[in-house]
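First up is the structure itself, then whatever we jot down about it.
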Amino acid sequence: MACSIGACGFEVECEAEVAHASGPSISIPVATDSAVERDITLEDMVSFRDVHEPRQSPNGRWVAFLVRQAFRSCDCYRVALYVVASEGRDRPQKLIEQSTITHLQWAPDGESVTFLSSDKGSTQIWRLDLKTRRASEVLAQSPKEASASTQAVPKSQSPGDAKILDYVWAPNGENIALVVDPPIDPSQAAVAARDGFRYDESTMGARDLIAGDWAVAKRSTQLWLYNIRAKRQHLVWTTSHRWLSRIEALSWSPSGKSLAFFYSGADGGEADEMALVDAGSLSISVQGTAGGDIRSPESVAWSHDERAIAYLSSSVRSAYVLYIRSLIDQSVRKISDRIRPGALPWLHWDSDRHTLLFLSNGIANDRRTTGLYSLSEGGGEETRLTALTEKVEDCGVVSKAQMACVRQGVSTAPTPALINTDNGTARSIAEVNPEFKSIRLQPVRELHWKNAYGDETSGFLILPRRASAEGRVPLVLIGYNFSGEFVTRASGNLTTYPAQALARDGIAVLLFNPPRYEDWEGPDFARGSRAFGYGPLSSMQAIISLLNAEGLIDPNHVGMMGHSLSGFWAQLAITQTNLLSVVELHNGGTLSEPGMYWEAGMKQIREAQEEIMGGPPYGDTYKNYQSVAFSLNANRIRAPILMEYDAEEALAALEYYAALQHYHVPVDFFVYPNDGHVTSRPEHQLISSQRNLDWFEFWLLGRENDASLKADQYAHWRNLKVLADQKAK
């Protein structure tokens, strides 16, 4: 099959030629105007193509982006690198496909793209030439002996020997900055296993004991510079040995002469430290504390004259502050503490207009769909640029008042798009999931309300189309962190919560966010219990009352799916109210459990729990745990509970599972091996989604789906129903 010349002016292969040699491969079908609609399936949700990291080329002619898709046939993911003309008139062309591709960037010359991949072993930087279509390792080009500016480096050591965590090109193309996770000498682990080792709660955790990572206390993170022309590597910084030591937010000055980076301090405090590297002399200038954690490489921006740096700094509880630091006199100005950038902080400094651009899902305590805002570098009121009905995130570099981002809506699938930074207008340039044009989705409506404390709350209601004809319907609540993404399953992180399938079958679904709160320091149970428990619970009570008053839902048939933190809200609701009639917990809860205080084995976890619970589960503050801990209040529970946990978190969940068993609470407990806090394996996603669908339809609709094929499941659940009926008397 012959190659063709793409609209971008470089040679591209047909998709059949770049398909994975054996096994499934990503292929974006041609969009059609099919008039035949069909209902969504769980398989549609699992195989949905995610769009990541759209990045505009330096000359602005095309956009590269990543597409990630799950495949049940191999229980795996594939990631493809696509490129499309900025005009968006032609179909996107696939350049390469692997199991892992991340950190997509254009080389400054615009003739190649680079990315991180671990397909050939350790995670390394790969460079794909757009004309020859050849990919090669950047650091495997006969590098000269590594040198160091601040410390001695073994001759055998180089970034090519380790896992690369992050990298950034200098704008002038002369250097690449690298964050590296160096390998631990196996002899250190051998000595620890032979002689024993002193447990250090600041650098280790219980999971390290389970995994047998005896030398984890020796782990650190390194910053390297790689000179492209000389092919020489320089080690310029190494973090101290501590838990989650890290180097974040590499940011080159516009000239490429200086590099800013942020690192975890030696004292183990919450705030990161900031430093500068002179690319010529490799000298280090420590700037001081950043005032919090720096969470993203895109959350730092230089002024054009290189005299100042702006950055978004977050506390452990995600209250962000926008600072500007002068590199002349080291002064620091707080510009705003109202920005809520969400999971992917992004910042750009338009020095010509004296404004800062940033992404935020609302301002202060008001929640809105994530979008682009502007703010004067002197402070003042934030201005929304993109439409409130669209979510814009995962943005790249701004060039000529334009940037590439992911654009989507609650009923519109995500696409790579170009955003005008002057006025916020957005233009999609490729369809990645054209099949969804013929899939019938239930309507999604954004809601805003206040709880009993007067706190603003928001959510997205999916109401079955036939709800108006049938009257009141059951309701399932799902939390949390919804900021306007396309709704099939609940969100990209809630991979086993089939929101649209529940609504398809006649159950209303509310994806709700907890109210925001003011941050605090030190142990404070009054503030902690409201922020993490009673505030969200009050919001749940308020919206159920409002939807009941509208005649939309049956308040006696309300369930909740609680993942992670929202699992604690579900636990609080069924131990302290009769709000819910059925619950699912997925790696959720444990926040207030006495056992959690020691189970993680980490000082940082204990300190965080003390801030929320007012102190440890000993002495005078034990009463706080008695008032809200799930395991200590299990005698009050009447609602049936489905528990779903990965193998590691199941150990912590056993604390309250034992209490549920003791009090004969109807419970079904499933463990998913070799998975994580967010369920990632495609087969687990499908199986858990079906199990959740069956669970809520059994309890809320009295329905048994494919009962003849699930005889054991429904026999067990019928026994649980007998037990639930007995406890309800």
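Labels used: A, B, ... for chains in the order of the structure tokens, numbers from 1 for residues in each chain, and numbers from 1 for ligands as shown.
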Could you list, as a PyMOL selection string, every residue within 7 Å of Pro182 in chain A, counting only C-alpha atoms and ignoring same-chain residues fewer than 4 positions away?
chain A and resi 162-163+221
Nearby residues (only C-alpha atoms) at most 9 Å from Lys450 in chain A, same-chain spacing under 4 positions excluded, as an NGL selection string:
:A and (454-458 or 515 or 538-539 or 542-543)
Write the residues of the selection above to a file with C-alpha atoms, as a PDB file, in the first residue's frame.
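Result file is result.pdb:
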```pdb
ATOM      1  CA  GLY A 454     -25.422  28.423  52.587  1.00  0.00           C
ATOM      2  CA  ASP A 455     -22.611  26.796  50.603  1.00  0.00           C
ATOM      3  CA  GLU A 456     -22.789  26.868  46.795  1.00  0.00           C
ATOM      4  CA  THR A 457     -23.023  23.411  45.231  1.00  0.00           C
ATOM      5  CA  SER A 458     -23.270  22.187  41.649  1.00  0.00           C
ATOM      6  CA  PRO A 515     -19.217  22.552  48.249  1.00  0.00           C
ATOM      7  CA  SER A 538     -26.086  18.678  53.541  1.00  0.00           C
ATOM      8  CA  SER A 539     -25.758  19.306  49.796  1.00  0.00           C
ATOM      9  CA  ALA A 542     -30.795  19.752  49.784  1.00  0.00           C
ATOM     10  CA  ILE A 543     -30.813  18.525  46.184  1.00  0.00           C
TER      11      ILE A 543
END
```
A:Ile28, A:Ile96, A:Leu547, A:Val46: which is nearest Arg489 in chain A, counting only C-alpha atoms?
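Residue with the minimum atom-to-atom distance to Arg489 in chain A: A:Val46.
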Mind checking DSSP for range 36-77 of chain A and telling me the alpha helix (DSSP H) residues as number ranges by chain?
A: 42-46
Pick from A:Thr369, A:Arg307, A:Gly559, A:Pro536 nearest to Asn451 in chain A, counting only C-alpha atoms
A:Pro536
Need to verify the contact set: range 352-366 of chain A, 8 Å, only C-alpha atoms, exclusion of same-chain residues closer than 4 positions in sequence. Can you return it as a compact mmCIF listing (two decimals) with N, CA and C atoms, in the first residue's frame?
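out_36.txt was written with the following content:
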```txt
# COMPACT_ATOMS: atom_id res chain seq x y z
N ASP A 337 -6.31 34.39 44.94
CA ASP A 337 -6.48 33.12 45.64
C ASP A 337 -7.86 32.54 45.33
N ARG A 338 -8.41 32.92 44.17
CA ARG A 338 -9.76 32.52 43.78
C ARG A 338 -9.78 31.52 42.63
N ILE A 339 -8.62 31.14 42.12
CA ILE A 339 -8.54 30.27 40.94
C ILE A 339 -8.68 28.81 41.35
N ARG A 340 -9.43 28.05 40.58
CA ARG A 340 -9.66 26.63 40.85
C ARG A 340 -9.34 25.83 39.58
N PRO A 341 -8.07 25.59 39.30
CA PRO A 341 -7.69 25.01 38.00
C PRO A 341 -7.99 23.53 37.83
N GLY A 342 -8.37 22.81 38.88
CA GLY A 342 -8.69 21.41 38.74
C GLY A 342 -7.47 20.53 38.58
N PRO A 345 -3.68 22.10 36.01
CA PRO A 345 -3.40 23.55 36.05
C PRO A 345 -2.64 24.01 34.81
N TRP A 346 -3.02 25.17 34.32
CA TRP A 346 -2.40 25.74 33.11
C TRP A 346 -2.37 27.25 33.26
N LEU A 347 -1.24 27.87 32.83
CA LEU A 347 -1.04 29.30 33.01
C LEU A 347 -0.23 29.85 31.85
N HIS A 348 -0.58 31.04 31.38
CA HIS A 348 0.17 31.72 30.33
C HIS A 348 0.22 33.21 30.66
N THR A 370 -15.05 23.89 33.36
CA THR A 370 -13.67 24.33 33.21
C THR A 370 -13.50 25.11 31.90
N GLY A 371 -12.89 26.29 32.00
CA GLY A 371 -12.70 27.11 30.82
C GLY A 371 -11.55 28.08 30.99
N LEU A 372 -11.36 28.92 29.97
CA LEU A 372 -10.26 29.87 29.92
C LEU A 372 -10.69 31.21 30.51
N TYR A 373 -9.85 31.74 31.41
CA TYR A 373 -10.09 33.03 32.04
C TYR A 373 -8.87 33.92 31.83
N SER A 374 -9.08 35.23 31.99
CA SER A 374 -7.98 36.19 31.97
C SER A 374 -8.03 37.05 33.22
N LEU A 375 -6.85 37.55 33.61
CA LEU A 375 -6.72 38.37 34.81
C LEU A 375 -5.57 39.33 34.61
N SER A 376 -5.75 40.58 34.99
CA SER A 376 -4.67 41.55 34.91
C SER A 376 -3.52 41.12 35.80
N GLU A 377 -2.29 41.34 35.34
CA GLU A 377 -1.13 40.97 36.15
C GLU A 377 -1.05 41.80 37.44
N GLU A 382 -11.49 38.40 37.64
CA GLU A 382 -11.22 37.43 36.60
C GLU A 382 -12.31 37.50 35.53
N VAL A 392 -12.95 23.32 28.40
CA VAL A 392 -11.67 23.43 27.69
C VAL A 392 -10.57 23.08 28.68
N GLU A 393 -9.67 22.16 28.31
CA GLU A 393 -8.60 21.75 29.21
C GLU A 393 -7.44 21.17 28.40
N GLU A 456 -22.46 27.13 48.19
CA GLU A 456 -22.79 26.87 46.79
C GLU A 456 -22.40 25.44 46.43
N THR A 457 -23.27 24.78 45.68
CA THR A 457 -23.02 23.41 45.23
C THR A 457 -23.48 23.29 43.78
N SER A 483 -16.61 18.65 36.01
CA SER A 483 -16.36 20.02 35.55
C SER A 483 -16.74 20.21 34.09
N PRO A 515 -19.47 21.11 48.14
CA PRO A 515 -19.22 22.55 48.25
C PRO A 515 -17.76 22.81 48.57
N ARG A 516 -17.26 23.93 48.11
CA ARG A 516 -15.89 24.32 48.43
C ARG A 516 -15.84 24.96 49.81
N TYR A 517 -14.64 25.02 50.37
CA TYR A 517 -14.48 25.49 51.74
C TYR A 517 -13.19 26.27 51.87
```
Pick from A:Tyr480, A:Lys603, A:Gln626, A:Ser313, whichever lies nearest to Gly562 in chain A using only C-alpha atoms
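Comparing A:Tyr480, A:Lys603, A:Gln626, A:Ser313 against Gly562 in chain A, the winner is A:Tyr480.
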Leu720 in chain A: which residues within 10 Å, counting only C-alpha atoms, same-chain residues fewer than 3 positions away excluded, as number ranges by chain?
A: 640-641, 664-668, 714-717, 723-726
Range 288-301 of chain A surroundings by only C-alpha atoms, 6 Å radius, close-in-sequence under 4 positions cut, as an mmCIF file with C-alpha atoms, in the first residue's frame:
```cif
data_model
loop_
_atom_site.group_PDB
_atom_site.id
_atom_site.type_symbol
_atom_site.label_atom_id
_atom_site.label_comp_id
_atom_site.auth_asym_id
_atom_site.auth_seq_id
_atom_site.Cartn_x
_atom_site.Cartn_y
_atom_site.Cartn_z
ATOM 1 C CA ALA A 249 7.117 22.235 36.655
ATOM 2 C CA LEU A 250 10.216 22.610 34.491
ATOM 3 C CA ALA A 271 5.535 23.811 50.217
ATOM 4 C CA ASP A 272 7.845 23.271 47.275
ATOM 5 C CA GLU A 273 11.052 25.250 46.799
ATOM 6 C CA MET A 274 11.926 27.152 43.624
ATOM 7 C CA ILE A 309 7.826 34.274 36.969
ATOM 8 C CA ALA A 310 4.137 33.605 37.672
ATOM 9 C CA TYR A 311 2.957 30.285 39.093
ATOM 10 C CA LEU A 312 -0.110 28.561 40.564
ATOM 11 C CA SER A 313 0.612 27.097 43.988
ATOM 12 C CA SER A 314 -1.676 24.637 45.790
ATOM 13 C CA SER A 315 -2.045 23.487 49.375
ATOM 14 C CA PRO A 345 -3.405 23.551 36.051
ATOM 15 C CA TRP A 346 -2.400 25.735 33.110
ATOM 16 C CA LEU A 347 -1.044 29.300 33.013
ATOM 17 C CA HIS A 348 0.174 31.724 30.329
ATOM 18 C CA TRP A 349 1.574 35.236 30.730
#
```
What is the distance between CA of Leu327 in chain A and CA of Ala308 in chain A, in Å to one decimal?
5.2 Å
Check the DSSP output for the backbone and give back, as an NGL selection string, the residues of range 317-388 of chain A in strand (DSSP E or B).
:A and (320-326 or 332-336 or 339 or 347-350 or 355-360 or 363 or 371-376 or 383-384)
Emit the selected residues as a tab-separated table (two decimals), in the first residue's frame, including N, CA and C atoms.
```tsv
chain	number	residue	atom	x	y	z
A	320	TYR	N	-5.77	27.10	45.53
A	320	TYR	CA	-4.68	27.62	44.71
A	320	TYR	C	-4.49	29.12	44.91
A	321	VAL	N	-3.22	29.52	44.82
A	321	VAL	CA	-2.87	30.94	44.88
A	321	VAL	C	-1.99	31.24	43.67
A	322	LEU	N	-2.28	32.34	42.98
A	322	LEU	CA	-1.47	32.78	41.85
A	322	LEU	C	-0.49	33.84	42.35
A	323	TYR	N	0.81	33.53	42.21
A	323	TYR	CA	1.88	34.43	42.65
A	323	TYR	C	2.66	34.94	41.44
A	324	ILE	N	3.25	36.12	41.58
A	324	ILE	CA	4.28	36.61	40.68
A	324	ILE	C	5.53	36.89	41.50
A	325	ARG	N	6.63	36.24	41.12
A	325	ARG	CA	7.90	36.41	41.83
A	325	ARG	C	8.87	37.20	40.96
A	326	SER	N	9.39	38.28	41.51
A	326	SER	CA	10.41	39.06	40.81
A	326	SER	C	11.75	38.34	40.92
A	332	VAL	N	7.64	38.81	46.20
A	332	VAL	CA	6.56	37.92	45.76
A	332	VAL	C	5.23	38.64	45.97
A	333	ARG	N	4.41	38.67	44.92
A	333	ARG	CA	3.09	39.29	45.01
A	333	ARG	C	2.01	38.22	44.83
A	334	LYS	N	0.99	38.24	45.69
A	334	LYS	CA	-0.17	37.36	45.50
A	334	LYS	C	-1.17	38.08	44.61
A	335	ILE	N	-1.46	37.47	43.47
A	335	ILE	CA	-2.36	38.09	42.49
A	335	ILE	C	-3.80	37.66	42.71
A	336	SER	N	-4.00	36.36	43.06
A	336	SER	CA	-5.36	35.86	43.26
A	336	SER	C	-5.31	34.58	44.09
A	339	ILE	N	-8.62	31.14	42.12
A	339	ILE	CA	-8.54	30.27	40.94
A	339	ILE	C	-8.68	28.81	41.35
A	347	LEU	N	-1.24	27.87	32.83
A	347	LEU	CA	-1.04	29.30	33.01
A	347	LEU	C	-0.23	29.85	31.85
A	348	HIS	N	-0.58	31.04	31.38
A	348	HIS	CA	0.17	31.72	30.33
A	348	HIS	C	0.22	33.21	30.66
A	349	TRP	N	1.39	33.81	30.45
A	349	TRP	CA	1.57	35.24	30.73
A	349	TRP	C	1.67	35.99	29.41
A	350	ASP	N	0.66	36.80	29.13
A	350	ASP	CA	0.67	37.67	27.96
A	350	ASP	C	1.23	39.02	28.40
A	355	THR	N	-1.59	40.69	30.98
A	355	THR	CA	-2.62	39.80	31.51
A	355	THR	C	-2.07	38.40	31.68
A	356	LEU	N	-2.71	37.66	32.57
A	356	LEU	CA	-2.42	36.24	32.77
A	356	LEU	C	-3.64	35.44	32.34
A	357	LEU	N	-3.40	34.39	31.58
A	357	LEU	CA	-4.46	33.49	31.15
A	357	LEU	C	-4.35	32.20	31.95
A	358	PHE	N	-5.47	31.63	32.34
A	358	PHE	CA	-5.44	30.39	33.11
A	358	PHE	C	-6.73	29.62	32.88
A	359	LEU	N	-6.69	28.32	33.19
A	359	LEU	CA	-7.88	27.48	33.17
A	359	LEU	C	-8.41	27.35	34.59
A	360	SER	N	-9.73	27.36	34.72
A	360	SER	CA	-10.33	27.23	36.05
A	360	SER	C	-11.74	26.67	35.92
A	363	ILE	N	-14.70	30.27	39.79
A	363	ILE	CA	-13.87	31.22	40.54
A	363	ILE	C	-14.34	31.21	42.00
A	371	GLY	N	-12.89	26.29	32.00
A	371	GLY	CA	-12.70	27.11	30.82
A	371	GLY	C	-11.55	28.08	30.99
A	372	LEU	N	-11.36	28.92	29.97
A	372	LEU	CA	-10.26	29.87	29.92
A	372	LEU	C	-10.69	31.21	30.51
A	373	TYR	N	-9.85	31.74	31.41
A	373	TYR	CA	-10.09	33.03	32.04
A	373	TYR	C	-8.87	33.92	31.83
A	374	SER	N	-9.08	35.23	31.99
A	374	SER	CA	-7.98	36.19	31.97
A	374	SER	C	-8.03	37.05	33.22
A	375	LEU	N	-6.85	37.55	33.61
A	375	LEU	CA	-6.72	38.37	34.81
A	375	LEU	C	-5.57	39.33	34.61
A	376	SER	N	-5.75	40.58	34.99
A	376	SER	CA	-4.67	41.55	34.91
A	376	SER	C	-3.52	41.12	35.80
A	383	THR	N	-11.93	37.33	34.27
A	383	THR	CA	-12.88	37.41	33.16
A	383	THR	C	-12.92	36.07	32.43
A	384	ARG	N	-14.11	35.52	32.28
A	384	ARG	CA	-14.29	34.26	31.54
A	384	ARG	C	-14.24	34.56	30.04
```
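Here CA of Leu579 in chain A stands at a distance of 19.7 Å from CA of Ile462 in chain A.
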Shortest interatomic distance to Asn513 in chain A - which of A:Ala531, A:Gly459, A:Ala211, A:Met561, counting only C-alpha atoms
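The shortest atom-to-atom distance to Asn513 in chain A comes from A:Gly459.
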Go through A:Ser351, A:Ser117, A:Ser202, A:Thr238 one by one, measure the shortest atom-to-atom distance of each to Pro254 in chain A using only C-alpha atoms, and give the residue with the smallest value.
A:Ser351
Length of the CA of Ser331 in chain A to CA of Phe262 in chain A vector [Å]
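CA of Phe262 in chain A lies at a distance of 17.1 Å from CA of Ser331 in chain A.
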Which residues of range 152-256 of chain A come within 8 Å of range 102-112 of chain A, and what is each one's closest atom pair and distance in Å (one decimal), counting only C-alpha atoms, sorted by chain and residue number, as JSON lines?
```
{"residue": "A:Asp166", "atom": "CA", "partner": "A:His103", "partner_atom": "CA", "distance": 7.2}
{"residue": "A:Tyr167", "atom": "CA", "partner": "A:His103", "partner_atom": "CA", "distance": 7.8}
{"residue": "A:Trp169", "atom": "CA", "partner": "A:Ala107", "partner_atom": "CA", "distance": 7.0}
{"residue": "A:Ala170", "atom": "CA", "partner": "A:Pro108", "partner_atom": "CA", "distance": 7.8}
{"residue": "A:Pro171", "atom": "CA", "partner": "A:Pro108", "partner_atom": "CA", "distance": 6.1}
{"residue": "A:Asn172", "atom": "CA", "partner": "A:Pro108", "partner_atom": "CA", "distance": 6.8}
{"residue": "A:Gly173", "atom": "CA", "partner": "A:Pro108", "partner_atom": "CA", "distance": 5.4}
```
Write the selection just made, keeping C-alpha atoms, as a PDB file, in the first residue's frame?
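Contents of result31.pdb, freshly written:
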```
ATOM      1  CA  ASP A 166       9.259  14.575  32.555  1.00  0.00           C
ATOM      2  CA  TYR A 167      11.167  16.656  30.005  1.00  0.00           C
ATOM      3  CA  TRP A 169      12.642  21.494  25.276  1.00  0.00           C
ATOM      4  CA  ALA A 170      14.402  24.845  25.545  1.00  0.00           C
ATOM      5  CA  PRO A 171      12.749  27.290  23.095  1.00  0.00           C
ATOM      6  CA  ASN A 172      16.072  27.801  21.283  1.00  0.00           C
ATOM      7  CA  GLY A 173      16.405  24.057  20.745  1.00  0.00           C
TER       8      GLY A 173
END
```
May I ask which of the residues A:Val476, A:Ile228, A:Ala728, A:Ala570 is the closest one to Phe696 in chain A, counting only C-alpha atoms?
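Between A:Val476, A:Ile228, A:Ala728, A:Ala570, the residue approaching Phe696 in chain A most closely is A:Val476.
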Could you list, as a list in words, every residue within 8 Å of Ala80 in chain A, counting only C-alpha atoms and ignoring same-chain residues fewer than 4 positions away?
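Using only C-alpha atoms, the neighbours found are Ile26, Leu66, Val67, Arg68, Lys94, Leu95, Ile96, Glu97, Gln98 and Ile101 of chain A.
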